[in-house]
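I have placed the structure first, in the form of structure tokens, so that the comments after it can refer back to it.
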Amino acid sequence: MALHPAGSTAAETFEAAARTARTAAADCLPLGLALVMHLYPLCVLRCVSLPWFSQAGMRRARLLHSIDSGALLLANAGSERAAGAHPPVTVTRTRAGVRVDGTYDYVSLANVADIVLFSAPLSGSTSAVFCAADLRSASVRIGNPRFSGSMRLSDTCSVTFVNHHVPAERTLVVPSEAAYNCMAQYQRSWFHLLLGESYVARIERLHLEWDLPRPVEQIASLNELALLRGYALRLLVDAATPSGDNTLCRVTAALKLRVSWLAQATATALRTRDETAAQELGYMRQQPTSDDRILRSLGAA
């Protein structure tokens, strides 16, 4: 499987990553989800729009070369689940880069990844700074696993930085809140797209294995999902603008909600036949962005 997929366009990169996620998730959903946690930040890093000859573009190119040549695994820190759960991580500028202190409570793949990507406020500034920090360091502490059972394959741990140094070439200052929000929306959209691919692949496999009925509503939902997926891939081209990012984020949130409902319906049908598979499917409604949060954004209770 391609763990470092790349294409000439964002859509081609997505298709390559989606093949990897689907292949793993069809047989083992937790393993597919673990791969998604590595693939989506990698795809964002490849595809986010940056001027090629800028400092940011050159630093991104060097980082990607290190990741690809070293076959490194990525983790991504920070999510809605961690909001308010701990004091903010602090990033302080130093002569050779930045110093990082603090804890992220929920970091998927923290116990196996080589690099963690995150953004945090830059001390003494109104800007944020994006960092690609090495996880295999004496100044990084990995907490205990959060999951048990089959979901340990896509485990989550806390990550604590204690006077951790990140060199300047692994950082990028994000100058404004608008730029930060644009990046966050783009990143979440990639996550929703690849998450959906994993769950749909597993749902299809379970339907074949257990010969589950396919009601008319499910067939219609799958058709709508295919249309949303195609629209989202076209939007990836326009996501360099705030308006494009906002539209992409709304479309992928709708896709995530549709897949989650399909997963819940399949879990209900499986409850007396395959309890483990049913429980694994049930996690999707809680995964960022949670179903409840998407529904609230639509004005639905």
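Residue numbering restarts at 1 for every chain of the structure tokens, chains are lettered A, B, ... in their displayed order, and ligands are numbered from 1 as they appear.
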
Residue list (helix (DSSP H, G or I), DSSP) for stretch 31-172 of chain A, as number ranges by chain:
A: 31-47, 55-70, 80-82, 149-154, 168-170

Serialized selection, C-alpha atoms, as a compact mmCIF listing (two decimals), in the first residue's frame:
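See part.txt below for the written result:
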```txt
# COMPACT_ATOMS: atom_id res chain seq x y z
CA LEU A 31 -6.14 -0.13 10.89
CA GLY A 32 -7.72 1.86 8.06
CA LEU A 33 -8.48 4.71 10.48
CA ALA A 34 -4.90 4.63 11.76
CA LEU A 35 -3.64 5.07 8.20
CA VAL A 36 -6.07 7.95 7.66
CA MET A 37 -4.53 9.71 10.68
CA HIS A 38 -1.17 9.62 8.87
CA LEU A 39 -2.46 10.20 5.34
CA TYR A 40 -4.62 13.27 5.79
CA PRO A 41 -1.96 15.59 7.31
CA LEU A 42 0.51 14.33 4.71
CA CYS A 43 -1.92 15.14 1.89
CA VAL A 44 -2.61 18.57 3.36
CA LEU A 45 1.12 19.25 3.60
CA ARG A 46 1.53 18.29 -0.08
CA CYS A 47 -1.48 20.16 -1.45
CA GLN A 55 10.49 30.58 2.33
CA ALA A 56 7.36 28.63 3.26
CA GLY A 57 7.38 26.75 -0.05
CA MET A 58 11.04 25.80 0.26
CA ARG A 59 10.66 24.65 3.86
CA ARG A 60 7.66 22.56 2.89
CA ALA A 61 9.63 20.95 0.05
CA ARG A 62 12.52 20.03 2.36
CA LEU A 63 10.16 18.59 4.96
CA LEU A 64 8.34 16.48 2.38
CA HIS A 65 11.66 15.21 1.04
CA SER A 66 12.64 14.09 4.54
CA ILE A 67 9.27 12.40 5.08
CA ASP A 68 9.27 10.59 1.74
CA SER A 69 12.92 9.56 1.73
CA GLY A 70 12.79 8.37 5.35
CA GLU A 80 -12.20 19.84 19.02
CA ARG A 81 -12.02 17.02 21.59
CA ALA A 82 -9.02 18.68 23.24
CA GLY A 149 -9.85 -3.76 22.27
CA SER A 150 -9.71 -3.67 18.50
CA MET A 151 -9.53 0.15 18.41
CA ARG A 152 -6.00 0.02 19.86
CA LEU A 153 -4.82 -0.24 16.23
CA SER A 154 -5.80 3.42 15.80
CA ALA A 168 13.46 27.15 12.20
CA GLU A 169 13.24 25.13 8.97
CA ARG A 170 10.49 23.02 10.57
```

Quick one, how far is atom CA of A:Ala300 from atom CA of A:Ala267?
23.3 Å

For the interface of stretch 101-201 of chain A with stretch 205-211 of chain A (cut-off 12 Å, counting only C-alpha atoms), please tabulate each contacting residue of stretch 101-201 of chain A alongside its nearest pair of atoms and their separation in Å to one decimal, rows sorted by chain and increasing number, as a tab-separated table.
```
residue	atom	partner	partner_atom	distance
A:Ser198	CA	A:Arg205	CA	10.9
A:Tyr199	CA	A:Arg205	CA	9.9
A:Val200	CA	A:Arg205	CA	8.6
A:Ala201	CA	A:Arg205	CA	6.3
```

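Atom CA of A:Tyr104 lies 25.8 Å from atom CA of A:Arg296.
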
Tell me, which residues of stretch 142-238 of chain A carry DSSP strand (DSSP E), written as an MDAnalysis selection string?
chainID A and resid 142 156:167 171:174

Residues within 7 Å of stretch 278-283 of chain A, please, as an mmCIF file with C-alpha atoms, in the first residue's frame. Count only C-alpha atoms; anything in the same chain fewer than 5 positions from it doesn't count.
```cif
data_model
loop_
_atom_site.group_PDB
_atom_site.id
_atom_site.type_symbol
_atom_site.label_atom_id
_atom_site.label_comp_id
_atom_site.auth_asym_id
_atom_site.auth_seq_id
_atom_site.Cartn_x
_atom_site.Cartn_y
_atom_site.Cartn_z
ATOM 1 C CA ALA A 263 -22.479 3.404 9.494
ATOM 2 C CA GLN A 264 -25.022 3.596 12.330
ATOM 3 C CA ALA A 267 -24.155 -1.242 13.004
ATOM 4 C CA LEU A 270 -25.012 -6.187 12.661
ATOM 5 C CA ARG A 271 -25.625 -5.931 16.400
#
```

If we count only C-alpha atoms and set the cut-off at 10 Å, which residues sit around A:Leu225, ignoring sequence neighbours fewer than 6 positions away in its own chain? Please answer as a ChimeraX atom specification.
/A:196,200,219,231,252,254-256,258-259

Kindly provide the residues of stretch 151-251 of chain A that approach stretch 4-25 of chain A to within 9 Å, each paired with its closest atom pair and their distance in Å to one decimal, based on only C-alpha atoms, listed by chain and increasing number, as a Markdown table.
```
| residue | atom | partner | partner_atom | distance |
| --- | --- | --- | --- | --- |
| A:Trp190 | CA | A:Phe14 | CA | 8.3 |
| A:Leu193 | CA | A:Ala18 | CA | 8.5 |
| A:Leu194 | CA | A:Ala18 | CA | 6.0 |
| A:Leu195 | CA | A:Ala21 | CA | 8.3 |
| A:Glu197 | CA | A:Arg22 | CA | 6.0 |
| A:Ser198 | CA | A:Arg22 | CA | 5.0 |
| A:Tyr199 | CA | A:Ala25 | CA | 7.1 |
| A:Val200 | CA | A:Arg22 | CA | 8.1 |
| A:Ala201 | CA | A:Arg22 | CA | 5.4 |
| A:Arg202 | CA | A:Ala25 | CA | 5.6 |
| A:Leu233 | CA | A:Ala11 | CA | 5.6 |
| A:Arg234 | CA | A:Ala11 | CA | 7.5 |
| A:Leu236 | CA | A:Ala10 | CA | 6.4 |
| A:Val237 | CA | A:Ala10 | CA | 6.9 |
```

Proximity to A:Leu122 - best of A:Gly230, A:Gly143, A:Pro175, A:Gly244, only C-alpha atoms:
A:Pro175
